[in-house]
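Containing mmCIF, C-alpha atoms and all ligand atoms: coords-v3.cif.
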data_upload
#
loop_
_atom_site.label_atom_id
_atom_site.label_comp_id
_atom_site.auth_asym_id
_atom_site.auth_seq_id
_atom_site.Cartn_x
_atom_site.Cartn_y
_atom_site.Cartn_z
CA MET K 42 -38.27 -120.88 -16.38
CA ALA K 43 -41.81 -121.70 -17.48
CA THR K 44 -42.24 -121.72 -21.23
CA ALA K 45 -45.29 -122.07 -23.45
CA THR K 46 -44.62 -125.75 -23.95
CA ALA K 47 -44.53 -126.39 -20.19
CA ARG K 48 -48.05 -125.08 -19.71
CA VAL K 49 -50.95 -127.44 -19.05
CA PHE K 50 -54.45 -126.85 -20.40
CA ASN K 51 -56.03 -125.00 -17.49
CA PHE K 52 -59.80 -125.57 -17.28
CA ALA K 53 -60.11 -123.89 -13.85
CA ALA K 54 -63.17 -121.78 -13.10
CA GLY K 55 -61.21 -118.81 -11.78
CA PRO K 56 -58.59 -117.57 -11.29
CA ALA K 57 -58.16 -118.94 -14.75
CA VAL K 58 -56.02 -119.03 -17.83
CA LEU K 59 -54.69 -115.70 -19.14
CA PRO K 60 -53.58 -114.98 -22.71
CA LEU K 61 -49.98 -116.09 -23.20
CA PRO K 62 -48.92 -112.82 -24.93
CA VAL K 63 -50.18 -110.96 -21.84
CA LEU K 64 -48.13 -113.10 -19.48
CA GLU K 65 -45.08 -112.75 -21.68
CA GLU K 66 -45.36 -108.97 -21.87
CA ALA K 67 -45.86 -108.72 -18.10
CA GLN K 68 -42.87 -110.98 -17.54
CA ARG K 69 -40.70 -108.96 -19.93
CA ASP K 70 -41.49 -105.66 -18.21
CA LEU K 71 -41.84 -106.90 -14.65
CA VAL K 72 -38.48 -105.83 -13.29
CA SER K 73 -38.25 -102.52 -15.11
CA MET K 74 -40.99 -100.84 -17.11
CA PRO K 75 -39.37 -99.34 -20.22
CA GLY K 76 -38.88 -95.61 -19.81
CA VAL K 77 -39.69 -95.72 -16.09
CA GLY K 78 -36.91 -97.84 -14.65
CA MET K 79 -38.97 -99.54 -11.97
CA SER K 80 -41.53 -102.34 -11.75
CA ILE K 81 -45.23 -101.68 -12.10
CA LEU K 82 -45.38 -103.33 -8.66
CA GLU K 83 -43.23 -100.60 -7.16
CA MET K 84 -44.55 -97.37 -8.61
CA SER K 85 -46.90 -94.82 -7.11
CA HIS K 86 -50.51 -95.06 -8.15
CA ARG K 87 -50.49 -91.26 -8.33
CA GLY K 88 -47.60 -91.16 -10.78
CA LYS K 89 -47.92 -90.40 -14.49
CA PHE K 90 -47.27 -93.94 -15.64
CA PHE K 91 -49.94 -95.63 -13.59
CA GLU K 92 -52.39 -92.83 -14.29
CA GLY K 93 -51.85 -93.59 -17.99
CA VAL K 94 -52.43 -97.31 -17.41
CA LEU K 95 -55.73 -96.60 -15.65
CA GLN K 96 -56.95 -94.16 -18.30
CA GLN K 97 -55.98 -96.40 -21.20
CA THR K 98 -57.61 -99.45 -19.61
CA GLU K 99 -60.82 -97.51 -19.15
CA ALA K 100 -60.65 -96.18 -22.73
CA ASP K 101 -60.10 -99.70 -24.08
CA ILE K 102 -63.05 -101.05 -22.08
CA ARG K 103 -65.22 -98.24 -23.47
CA THR K 104 -64.16 -99.08 -27.03
CA LEU K 105 -64.49 -102.83 -26.56
CA ALA K 106 -67.98 -102.79 -25.05
CA GLY K 107 -69.27 -99.57 -26.60
CA VAL K 108 -69.87 -98.13 -23.13
CA PRO K 109 -72.15 -95.07 -23.50
CA ASP K 110 -70.75 -91.72 -22.29
CA ASP K 111 -73.27 -91.47 -19.48
CA TYR K 112 -71.86 -94.55 -17.74
CA LYS K 113 -68.88 -94.63 -15.38
CA VAL K 114 -66.31 -97.41 -15.51
CA LEU K 115 -64.90 -98.15 -12.05
CA PHE K 116 -62.10 -100.42 -10.83
CA LEU K 117 -62.85 -101.61 -7.32
CA PRO K 118 -61.40 -104.00 -4.76
CA GLY K 119 -63.29 -106.58 -2.72
CA GLY K 120 -64.15 -109.17 -5.36
CA ALA K 121 -67.51 -109.63 -7.00
CA SER K 122 -68.77 -110.81 -3.61
CA LEU K 123 -68.52 -107.30 -2.21
CA GLN K 124 -70.83 -106.14 -5.00
CA PHE K 125 -73.50 -108.43 -3.53
CA SER K 126 -73.50 -105.98 -0.59
CA MET K 127 -72.60 -102.71 -2.31
CA VAL K 128 -75.48 -102.87 -4.78
CA PRO K 129 -78.20 -103.06 -2.12
CA LEU K 130 -76.37 -100.75 0.31
CA ASN K 131 -76.34 -98.02 -2.35
CA PHE K 132 -79.59 -98.67 -4.18
CA LEU K 133 -82.05 -100.59 -1.99
CA PRO K 134 -84.13 -98.32 0.24
CA ARG K 135 -84.22 -99.95 3.68
CA ASP K 136 -88.03 -100.07 3.54
CA GLY K 137 -88.11 -101.04 -0.16
CA SER K 138 -87.55 -104.25 -2.05
CA ALA K 139 -85.58 -105.52 -5.02
CA ASP K 140 -86.26 -108.41 -7.39
CA TYR K 141 -83.67 -111.18 -7.71
CA ILE K 142 -83.58 -113.76 -10.50
CA VAL K 143 -82.03 -116.88 -8.97
CA THR K 144 -80.35 -119.20 -11.46
CA GLY K 145 -77.58 -120.76 -9.36
CA ALA K 146 -75.17 -120.54 -6.46
CA TRP K 147 -73.97 -117.01 -7.22
CA SER K 148 -77.37 -115.40 -7.47
CA GLN K 149 -78.28 -117.20 -4.22
CA LYS K 150 -75.31 -115.56 -2.54
CA ALA K 151 -76.36 -112.16 -3.88
CA VAL K 152 -79.83 -112.68 -2.37
CA LYS K 153 -78.34 -113.59 1.01
CA GLU K 154 -76.45 -110.29 1.21
CA ALA K 155 -79.32 -108.16 -0.12
CA LYS K 156 -81.65 -109.53 2.57
CA LYS K 157 -79.35 -108.03 5.20
CA VAL K 158 -80.08 -104.59 3.75
CA GLY K 159 -83.74 -104.56 2.73
CA GLY K 160 -86.57 -106.51 1.16
CA VAL K 161 -85.96 -109.13 -1.53
CA LYS K 162 -88.52 -110.71 -3.84
CA ILE K 163 -87.56 -113.78 -5.81
CA ALA K 164 -88.63 -113.10 -9.40
CA TYR K 165 -87.66 -116.63 -10.41
CA THR K 166 -85.74 -119.55 -8.98
CA GLY K 167 -84.43 -122.60 -10.79
CA GLU K 168 -83.57 -124.40 -7.54
CA ALA K 169 -86.12 -127.24 -7.91
CA ALA K 170 -84.25 -128.53 -10.98
CA ASN K 171 -80.81 -127.92 -9.41
CA PHE K 172 -80.36 -124.81 -11.53
CA ASN K 173 -80.16 -126.46 -14.94
CA GLN K 174 -81.89 -123.62 -16.79
CA VAL K 175 -82.54 -119.90 -16.94
CA PRO K 176 -86.06 -118.49 -17.13
CA ALA K 177 -87.79 -117.20 -20.23
CA GLN K 178 -88.85 -113.58 -20.03
CA GLY K 179 -92.45 -114.75 -19.43
CA ASP K 180 -91.39 -116.77 -16.35
CA LEU K 181 -90.24 -113.69 -14.46
CA LYS K 182 -92.49 -112.32 -11.74
CA LEU K 183 -91.37 -108.73 -11.74
CA ASP K 184 -92.56 -106.06 -9.35
CA PRO K 185 -92.90 -102.70 -11.13
CA ALA K 186 -92.15 -100.97 -7.81
CA ALA K 187 -88.85 -102.83 -7.23
CA ALA K 188 -85.75 -100.71 -6.57
CA PHE K 189 -83.89 -102.85 -9.14
CA VAL K 190 -83.80 -106.31 -10.69
CA SER K 191 -80.63 -108.36 -10.22
CA PHE K 192 -79.54 -111.32 -12.33
CA THR K 193 -76.41 -113.38 -13.06
CA SER K 194 -75.73 -113.60 -16.78
CA ASN K 195 -73.66 -116.75 -16.37
CA GLU K 196 -73.74 -119.12 -13.41
CA THR K 197 -70.17 -120.34 -13.07
CA ILE K 198 -70.95 -123.43 -10.97
CA HIS K 199 -74.07 -124.70 -12.73
CA GLY K 200 -73.06 -123.71 -16.26
CA VAL K 201 -76.23 -121.91 -17.35
CA GLU K 202 -76.10 -118.63 -19.26
CA PHE K 203 -78.72 -116.10 -20.34
CA LYS K 204 -78.98 -115.72 -24.10
CA TYR K 205 -81.02 -112.54 -23.73
CA VAL K 206 -81.12 -109.52 -21.44
CA PRO K 207 -84.25 -109.54 -19.27
CA GLN K 208 -86.62 -106.66 -19.92
CA THR K 209 -87.55 -104.82 -16.76
CA GLY K 210 -89.41 -101.75 -18.02
CA ASN K 211 -88.44 -98.72 -15.98
CA VAL K 212 -86.86 -100.76 -13.20
CA PRO K 213 -83.02 -100.57 -13.20
CA LEU K 214 -81.29 -103.82 -14.20
CA VAL K 215 -78.18 -105.03 -12.37
CA CYS K 216 -76.05 -107.83 -13.76
CA ASP K 217 -73.35 -109.98 -12.20
CA THR K 218 -71.38 -110.87 -15.30
CA SER K 219 -68.31 -112.16 -13.47
CA SER K 220 -67.91 -115.30 -15.53
CA ASP K 221 -68.91 -114.09 -18.99
CA MET K 222 -67.86 -110.42 -19.07
CA PHE K 223 -66.47 -109.50 -22.50
CA SER K 224 -66.91 -113.03 -23.83
CA ARG K 225 -69.57 -111.85 -26.30
CA PRO K 226 -71.10 -108.57 -27.48
CA LEU K 227 -72.73 -106.67 -24.63
CA ASP K 228 -75.43 -104.00 -24.82
CA VAL K 229 -74.47 -101.87 -21.83
CA SER K 230 -77.43 -99.53 -22.37
CA LYS K 231 -79.90 -102.30 -21.41
CA HIS K 232 -78.34 -102.39 -17.95
CA THR K 233 -78.03 -99.83 -15.18
CA LEU K 234 -75.12 -101.48 -13.38
CA ILE K 235 -72.86 -104.32 -14.47
CA TYR K 236 -70.07 -105.84 -12.41
CA ALA K 237 -67.50 -108.57 -12.82
CA GLY K 238 -64.61 -109.93 -10.85
CA ALA K 239 -61.73 -109.95 -13.31
CA GLN K 240 -60.25 -113.35 -12.55
CA LYS K 241 -62.06 -115.37 -15.20
CA ASN K 242 -62.29 -113.60 -18.52
CA ILE K 243 -60.59 -110.28 -18.13
CA GLY K 244 -57.60 -110.40 -15.82
CA PRO K 245 -56.21 -111.63 -12.50
CA ALA K 246 -57.92 -111.68 -9.11
CA GLY K 247 -57.98 -108.43 -7.14
CA VAL K 248 -60.02 -106.05 -9.25
CA VAL K 249 -63.71 -105.76 -10.06
CA VAL K 250 -64.98 -103.76 -13.03
CA VAL K 251 -68.21 -101.87 -12.42
CA ILE K 252 -70.04 -100.09 -15.24
CA VAL K 253 -72.78 -97.87 -13.86
CA LYS K 254 -75.14 -95.26 -15.24
CA ASP K 255 -74.46 -91.71 -13.96
CA GLU K 256 -78.12 -91.00 -13.46
CA TRP K 257 -78.46 -93.93 -11.05
CA LEU K 258 -75.46 -92.83 -9.01
CA LYS K 259 -77.34 -89.62 -8.28
CA LYS K 260 -80.33 -91.62 -6.99
CA ARG K 261 -78.40 -93.52 -4.36
CA VAL K 262 -79.99 -94.22 -0.98
CA ASP K 263 -79.02 -91.42 1.36
CA ASP K 264 -77.36 -93.34 4.19
CA PRO K 265 -74.89 -91.24 6.21
CA LYS K 266 -73.60 -94.41 7.90
CA LEU K 267 -72.54 -95.98 4.61
CA PRO K 268 -68.77 -96.60 4.86
CA THR K 269 -66.87 -94.42 2.39
CA MET K 270 -65.24 -97.39 0.69
CA LEU K 271 -68.66 -98.91 -0.05
CA ASN K 272 -69.98 -95.77 -1.69
CA TYR K 273 -69.98 -95.93 -5.50
CA ALA K 274 -70.27 -92.17 -5.80
CA ILE K 275 -66.99 -91.64 -3.90
CA HIS K 276 -65.18 -94.07 -6.19
CA ALA K 277 -66.70 -92.38 -9.25
CA GLU K 278 -65.81 -88.85 -8.09
CA ASN K 279 -62.24 -89.99 -7.51
CA THR K 280 -61.94 -91.98 -10.77
CA SER K 281 -61.27 -95.20 -8.78
CA MET K 282 -58.39 -93.49 -6.95
CA TYR K 283 -60.01 -92.64 -3.62
CA ASN K 284 -57.50 -95.02 -2.11
CA THR K 285 -54.73 -97.16 -3.58
CA PRO K 286 -56.35 -99.22 -6.32
CA PRO K 287 -55.27 -102.81 -7.14
CA CYS K 288 -52.58 -101.48 -9.49
CA PHE K 289 -51.04 -104.71 -10.72
CA ALA K 290 -54.39 -106.35 -11.42
CA ILE K 291 -55.50 -103.27 -13.37
CA TYR K 292 -52.27 -103.26 -15.37
CA ILE K 293 -52.72 -106.92 -16.36
CA MET K 294 -56.37 -106.31 -17.17
CA GLY K 295 -55.26 -103.46 -19.42
CA LEU K 296 -53.04 -105.88 -21.34
CA VAL K 297 -55.96 -108.32 -21.64
CA MET K 298 -58.15 -105.53 -23.08
CA LYS K 299 -55.50 -104.78 -25.71
CA TRP K 300 -55.33 -108.47 -26.55
CA LEU K 301 -59.12 -108.64 -26.94
CA LEU K 302 -59.11 -105.61 -29.23
CA SER K 303 -56.32 -107.15 -31.31
CA ILE K 304 -58.33 -110.30 -32.03
CA GLY K 305 -61.46 -108.54 -33.24
CA GLY K 306 -63.03 -107.26 -30.03
CA LEU K 307 -66.18 -108.85 -28.65
CA PRO K 308 -67.53 -110.21 -31.98
CA GLY K 309 -64.11 -111.78 -32.59
CA ILE K 310 -63.82 -113.47 -29.20
CA HIS K 311 -67.48 -114.52 -29.31
CA ALA K 312 -66.94 -116.44 -32.57
CA ILE K 313 -63.98 -118.24 -30.98
CA ASN K 314 -65.92 -118.96 -27.78
CA GLU K 315 -68.89 -120.32 -29.73
CA ARG K 316 -66.64 -122.61 -31.71
CA LYS K 317 -64.92 -123.97 -28.59
CA ALA K 318 -68.16 -124.61 -26.71
CA ALA K 319 -69.93 -126.14 -29.74
CA ARG K 320 -67.07 -128.62 -30.18
CA LEU K 321 -67.25 -129.75 -26.56
CA TYR K 322 -71.07 -129.92 -26.35
CA ALA K 323 -71.11 -131.94 -29.59
CA GLU K 324 -68.84 -134.49 -27.93
CA ILE K 325 -71.01 -134.54 -24.80
CA ASP K 326 -74.08 -135.26 -26.97
CA ARG K 327 -72.40 -137.75 -29.32
CA THR K 328 -73.25 -141.07 -27.63
CA GLY K 329 -75.08 -140.39 -24.36
CA TYR K 330 -72.12 -141.58 -22.23
CA TYR K 331 -71.57 -138.02 -21.03
CA LYS K 332 -74.58 -135.98 -19.86
CA GLY K 333 -74.69 -132.19 -19.86
CA HIS K 334 -76.13 -130.57 -16.72
CA ALA K 335 -77.66 -127.49 -18.37
CA GLN K 336 -80.65 -127.60 -20.66
CA LYS K 337 -79.57 -127.12 -24.24
CA ASP K 338 -81.05 -123.68 -24.83
CA CYS K 339 -79.15 -122.14 -21.91
CA ARG K 340 -75.85 -123.95 -22.04
CA SER K 341 -72.99 -121.73 -20.97
CA LEU K 342 -70.25 -120.96 -23.47
CA MET K 343 -67.91 -120.42 -20.53
CA ASN K 344 -68.49 -123.23 -18.03
CA VAL K 345 -69.40 -126.57 -19.55
CA THR K 346 -70.81 -128.88 -16.85
CA PHE K 347 -71.28 -132.59 -17.48
CA ARG K 348 -71.59 -135.92 -15.71
CA LEU K 349 -70.29 -139.43 -16.33
CA PRO K 350 -72.21 -142.66 -15.63
CA SER K 351 -70.95 -142.92 -12.02
CA GLU K 352 -69.05 -140.97 -9.39
CA GLU K 353 -66.26 -143.53 -9.52
CA LEU K 354 -65.82 -142.91 -13.23
CA GLU K 355 -65.89 -139.16 -12.60
CA ALA K 356 -63.07 -139.42 -10.08
CA LYS K 357 -61.08 -141.59 -12.48
CA PHE K 358 -61.73 -139.17 -15.33
CA ALA K 359 -60.51 -136.15 -13.33
CA LYS K 360 -57.39 -137.99 -12.16
CA GLU K 361 -56.40 -139.35 -15.56
CA ALA K 362 -57.19 -136.05 -17.30
CA LYS K 363 -54.90 -134.21 -14.90
CA ALA K 364 -52.13 -136.69 -15.57
CA ALA K 365 -52.64 -136.03 -19.29
CA GLY K 366 -52.16 -132.26 -18.82
CA LEU K 367 -55.86 -131.36 -18.66
CA ASP K 368 -56.06 -129.53 -15.35
CA GLY K 369 -58.95 -128.23 -13.23
CA LEU K 370 -61.81 -130.31 -14.65
CA LYS K 371 -63.38 -131.51 -11.41
CA GLY K 372 -66.81 -129.91 -11.03
CA HIS K 373 -68.17 -128.10 -8.00
CA ARG K 374 -69.59 -130.50 -5.41
CA SER K 375 -73.11 -129.01 -5.69
CA VAL K 376 -73.39 -130.21 -9.29
CA GLY K 377 -70.85 -133.04 -9.24
CA GLY K 378 -69.16 -134.39 -12.33
CA MET K 379 -66.94 -132.25 -14.51
CA ARG K 380 -66.70 -128.59 -15.35
CA ALA K 381 -64.62 -127.38 -18.26
CA SER K 382 -64.20 -123.62 -18.11
CA LEU K 383 -63.50 -122.27 -21.57
CA TYR K 384 -62.87 -118.59 -20.88
CA ASN K 385 -61.64 -116.12 -23.48
CA ALA K 386 -57.98 -117.04 -23.14
CA PHE K 387 -58.55 -120.80 -23.16
CA PRO K 388 -56.95 -122.15 -26.36
CA GLU K 389 -58.90 -124.07 -28.99
CA ALA K 390 -56.18 -126.74 -28.94
CA GLY K 391 -57.17 -127.44 -25.32
CA VAL K 392 -60.72 -128.24 -26.38
CA ASP K 393 -59.42 -130.57 -29.07
CA ALA K 394 -57.24 -132.30 -26.48
CA LEU K 395 -60.17 -132.70 -24.08
CA VAL K 396 -62.46 -134.09 -26.80
CA GLN K 397 -59.83 -136.62 -27.75
CA PHE K 398 -59.32 -137.57 -24.11
CA MET K 399 -63.10 -137.99 -23.67
CA GLN K 400 -63.32 -140.31 -26.67
CA GLU K 401 -60.45 -142.46 -25.44
CA PHE K 402 -61.85 -142.55 -21.90
CA GLU K 403 -65.26 -143.63 -23.15
CA SER K 404 -63.88 -146.41 -25.32
CA LYS K 405 -61.82 -147.74 -22.39
CA ASN K 406 -64.49 -147.34 -19.73
CA GLY K 407 -67.80 -147.30 -21.62
N1 LIG K 501 -70.31 -114.09 -9.16
C1 LIG K 501 -69.98 -115.09 -9.99
C2 LIG K 501 -70.87 -115.39 -11.17
C3 LIG K 501 -68.82 -115.83 -9.75
O1 LIG K 501 -68.49 -116.84 -10.56
C4 LIG K 501 -68.01 -115.51 -8.64
C5 LIG K 501 -66.71 -116.23 -8.34
N2 LIG K 501 -66.56 -117.47 -8.82
C6 LIG K 501 -68.41 -114.47 -7.80
C7 LIG K 501 -69.56 -113.77 -8.11
C8 LIG K 501 -67.61 -114.08 -6.59
O2 LIG K 501 -66.43 -113.52 -7.00
P1 LIG K 501 -65.24 -113.14 -6.00
O3 LIG K 501 -64.58 -114.42 -5.66
O4 LIG K 501 -64.41 -112.22 -6.82
O5 LIG K 501 -65.85 -112.47 -4.83
#
Could you take the file, read its structure, and then write that structure out as C-alpha cells?
Amino acid sequence: MATATARVFNFAAGPAVLPLPVLEEAQRDLVSMPGVGMSILEMSHRGKFFEGVLQQTEADIRTLAGVPDDYKVLFLPGGASLQFSMVPLNFLPRDGSADYIVTGAWSQKAVKEAKKVGGVKIAYTGEAANFNQVPAQGDLKLDPAAAFVSFTSNETIHGVEFKYVPQTGNVPLVCDTSSDMFSRPLDVSKHTLIYAGAQKNIGPAGVVVVIVKDEWLKKRVDDPKLPTMLNYAIHAENTSMYNTPPCFAIYIMGLVMKWLLSIGGLPGIHAINERKAARLYAEIDRTGYYKGHAQKDCRSLMNVTFRLPSEELEAKFAKEAKAAGLDGLKGHRSVGGMRASLYNAFPEAGVDALVQFMQEFESKNG
C-alpha cells in the first residue's frame, strides 16, 4: 500500500499533487461512506448524501472566495477546454466580436474556438517574445463594443501570471483561471465569468468550476440550436444536476475546499505559495546558470519555467531529478527546459529538495 513516505515530489502541471489528508480521507471512506454503507462511487447523484456533498462544496467555495450572492457556482464536465467553446456559444453574438488577451498557449486555444462562433479581436498578444510576459493595462487595445473580454490569469505552459485584474469598463470580463484558481485571494466581483478545470489546484480531473453572474446568464445569445448540455442557463436552473455530474471529482474537490479553509483560506495558501515560489526563483537567479523564462514582474507562482545552458543538460537534469524523486519537471516542448509546478498542495519540503538538487547539479555540471 502506498504510504506518505513512498510518495515522490510531484511537479506535474496537471493532473497534479493533491493534499495528503484529502487522499487519506478518500481512501479511508472509499469502500463504505460512514453512515451510508456504500462507496461514493456507487451512490445515486440524486440521493441525500451526494446532494449534501454538492451543496457543501458550493457553500465552501462561496466562503473561500467570497462569491457574491448574485453569482452562480456550477460544476460542469468537459474540461476547461469545453469552456473555450461554451463561453462564445452562450455570449458571443454571431455577428458580434469579443476581445481576447493572448498570453500563451491556453489563450491561443481559446481564440481558436471563439473564432468558430463569431468575431475575435486580439486585444494583446505576447507571441513575438514567446509569451514571456503579460501586458500592462495600458497595452490592452480594448473595444468598448466587445461582447466580452477573455484572459488567462495564469498560463500553465509559459509560466506567466497576471498580478492584476484587467479593467474593462462595462464590458464583461471572462477569466480562465484553470492553473491558479484559489491559489491567492480572488475578487470575483471584478469578473463576470470565471472557470477552472479542477485538476491543478482544486481537485482531480473531470470537473470544471464555473462562477458566473446571474445577470449575464439572462443576457445569453438566443440560439435555439445550442445543445442543451452547452447551455449555462440549463446547468444553473438544475443546480449542476441536469444530468449525472462528475460525482467523485466533486467529492474530492469538496475535501480540497475543506483543507484550504483549514489552513487559512486564500490568504493562508497565498502566503505559502509566495514563499515556495520565492525560494525557487531566488535559486534560479542566484548565479545565472539557470534562466527563468518569464519576465520578473509576471512570474507565475504556480508554474516556474526555466532553462539550463543547453538542451543536453536539460535532458540530464530531468533524468537525474526523476531518479532523485523529483518527478514531472520536464517543460512543455514549446518553451523547452524545465517547469516546476508548485500548486496549492505541493509541499514546501519539495521546493527545498529541488533547490538542493539544483545546487548540486550546477556544481557538478556548471
Ligand atoms: N486552460 C489552462 C490555463 C490550462 O492549463 C488547461 C490545461 N492544462 C486548460 C485550459 C485545458 O484544460 P482541460 O484539459 O481540463 O480541458
request  = Pick out the closest residue to Phe289 of chain K from this set: K:Val175, K:Val248, K:Val229, K:Val58. Count only C-alpha atoms.
outcome  =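 That would be K:Val248, the residue with the smallest distance to Phe289 of chain K.
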ask   = Could you name the residues that touch Gly247 of chain K at 7 Å or less, counting only C-alpha atoms, but leaving out those on the same chain fewer than 4 positions away, as a list of chain:residue names?
value =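 The residues that qualify are K:Pro118, K:Gly120, K:Pro287, K:Ala290.
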Within 8 Å of ligand LIG 501 (chain K) (all atoms listed in the file), residues as a PDB file with C-alpha atoms, keeping the file's coordinate frame:
ATOM      1  CA  ALA K  54     -63.170-121.780 -13.100  1.00  0.00           C
ATOM      2  CA  GLY K  55     -61.210-118.810 -11.780  1.00  0.00           C
ATOM      3  CA  GLY K 119     -63.290-106.580  -2.720  1.00  0.00           C
ATOM      4  CA  GLY K 120     -64.150-109.170  -5.360  1.00  0.00           C
ATOM      5  CA  ALA K 121     -67.510-109.630  -7.000  1.00  0.00           C
ATOM      6  CA  SER K 122     -68.770-110.810  -3.610  1.00  0.00           C
ATOM      7  CA  LEU K 123     -68.520-107.300  -2.210  1.00  0.00           C
ATOM      8  CA  TRP K 147     -73.970-117.010  -7.220  1.00  0.00           C
ATOM      9  CA  SER K 148     -77.370-115.400  -7.470  1.00  0.00           C
ATOM     10  CA  THR K 193     -76.410-113.380 -13.060  1.00  0.00           C
ATOM     11  CA  SER K 194     -75.730-113.600 -16.780  1.00  0.00           C
ATOM     12  CA  ASN K 195     -73.660-116.750 -16.370  1.00  0.00           C
ATOM     13  CA  GLU K 196     -73.740-119.120 -13.410  1.00  0.00           C
ATOM     14  CA  THR K 197     -70.170-120.340 -13.070  1.00  0.00           C
ATOM     15  CA  ILE K 198     -70.950-123.430 -10.970  1.00  0.00           C
ATOM     16  CA  ASP K 217     -73.350-109.980 -12.200  1.00  0.00           C
ATOM     17  CA  THR K 218     -71.380-110.870 -15.300  1.00  0.00           C
ATOM     18  CA  SER K 219     -68.310-112.160 -13.470  1.00  0.00           C
ATOM     19  CA  SER K 220     -67.910-115.300 -15.530  1.00  0.00           C
ATOM     20  CA  ALA K 237     -67.500-108.570 -12.820  1.00  0.00           C
ATOM     21  CA  GLY K 238     -64.610-109.930 -10.850  1.00  0.00           C
ATOM     22  CA  ALA K 239     -61.730-109.950 -13.310  1.00  0.00           C
ATOM     23  CA  GLN K 240     -60.250-113.350 -12.550  1.00  0.00           C
ATOM     24  CA  ALA K 246     -57.920-111.680  -9.110  1.00  0.00           C
ATOM     25  CA  GLY K 247     -57.980-108.430  -7.140  1.00  0.00           C
ATOM     26  CA  VAL K 248     -60.020-106.050  -9.250  1.00  0.00           C
ATOM     27  CA  VAL K 249     -63.710-105.760 -10.060  1.00  0.00           C
TER      28      VAL K 249
END
message = Quick check, in Å to one decimal: how far apart do atom CA of Gly93 of chain K and atom CA of Ile81 of chain K lie?
response =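 Atom-to-atom, atom CA of Gly93 of chain K to atom CA of Ile81 of chain K, that is 12.0 Å.
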task = Neighbourhood query: residues within 9 Å of (-60.5, -124.4, -20.9), file coordinates, counting all atoms listed in the file; return as a list in words.
result = Phe50, Asn51, Phe52, Ala53, Ala54, Ala57, Val58, Lys317, Met343, Asn344, Leu367, Asp368, Gly369, Leu370, Ala381, Ser382, Leu383, Tyr384, Asn385, Ala386, Phe387, Pro388, Glu389, Gly391, Val392 and Leu395 of chain K
note = Taken to one decimal, the atom CA of Val251 of chain K-atom CA of Phe116 of chain K distance is 6.5 Å
task = Would you work out the distance separating atom CA of Lys150 of chain K from atom CA of Phe189 of chain K, expressed in Å to one decimal?
result =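 Interatomic distance, atom CA of Lys150 of chain K to atom CA of Phe189 of chain K: 16.7 Å.
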ask   = Nearest to Gly407 of chain K: which of K:Leu271, K:Leu349, K:Ala106, K:Ala364 is it, counting all atoms listed in the file?
value =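 Between K:Leu271, K:Leu349, K:Ala106, K:Ala364, the residue approaching Gly407 of chain K most closely is K:Leu349.
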inquiry  = I'd like the neighbourhood of Gly210 of chain K as a PyMOL selection string, where a residue qualifies if any of its atoms comes within 10 Å (using all atoms listed in the file), though same-chain residues fewer than 3 positions away should be ignored.
reply    = chain K and resi 183+185+207+213-214
inquiry  = Need to verify the contact set: Leu267 of chain K, 10 Å, only C-alpha atoms, exclusion of same-chain residues closer than 4 positions in sequence. Can you return it as a list in words?
reply    =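 Result of the neighbour search: Met127, Leu130, Asn131, Val262, Asp263, Leu271 and Asn272 of chain K.
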message = Under the rule that all atoms listed in the file are counted, which of K:Val77, K:Ile252, K:Val161, K:Ala365 is the nearest residue to Arg48 of chain K?
response =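 The closest residue to Arg48 of chain K is K:Ala365.
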key: Using all atoms listed in the file: which of K:Pro109, K:Pro268, K:Pro286, K:Pro60 has the shortest distance to Val250 of chain K   =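 Between K:Pro109, K:Pro268, K:Pro286, K:Pro60, the residue approaching Val250 of chain K most closely is K:Pro286.
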ask   = Which of these, K:Leu227, K:Val94, K:Val206, K:Ala177, has the shortest distance to His311 of chain K once you count all atoms listed in the file?
value =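 Of K:Leu227, K:Val94, K:Val206, K:Ala177, the one nearest His311 of chain K is K:Leu227, counting all atoms listed in the file.
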For Lys260 of chain K: contacts at 12 Å, all atoms listed in the file, fewer than 5 positions along chain excluded, given as a list in words =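 In the requested form, the answer reads Asn131, Phe132, Leu133, Pro134, Ala188, Phe189, Pro213, Thr233, Val253, Lys254, Asp255, Tyr273 and Ala274 of chain K.
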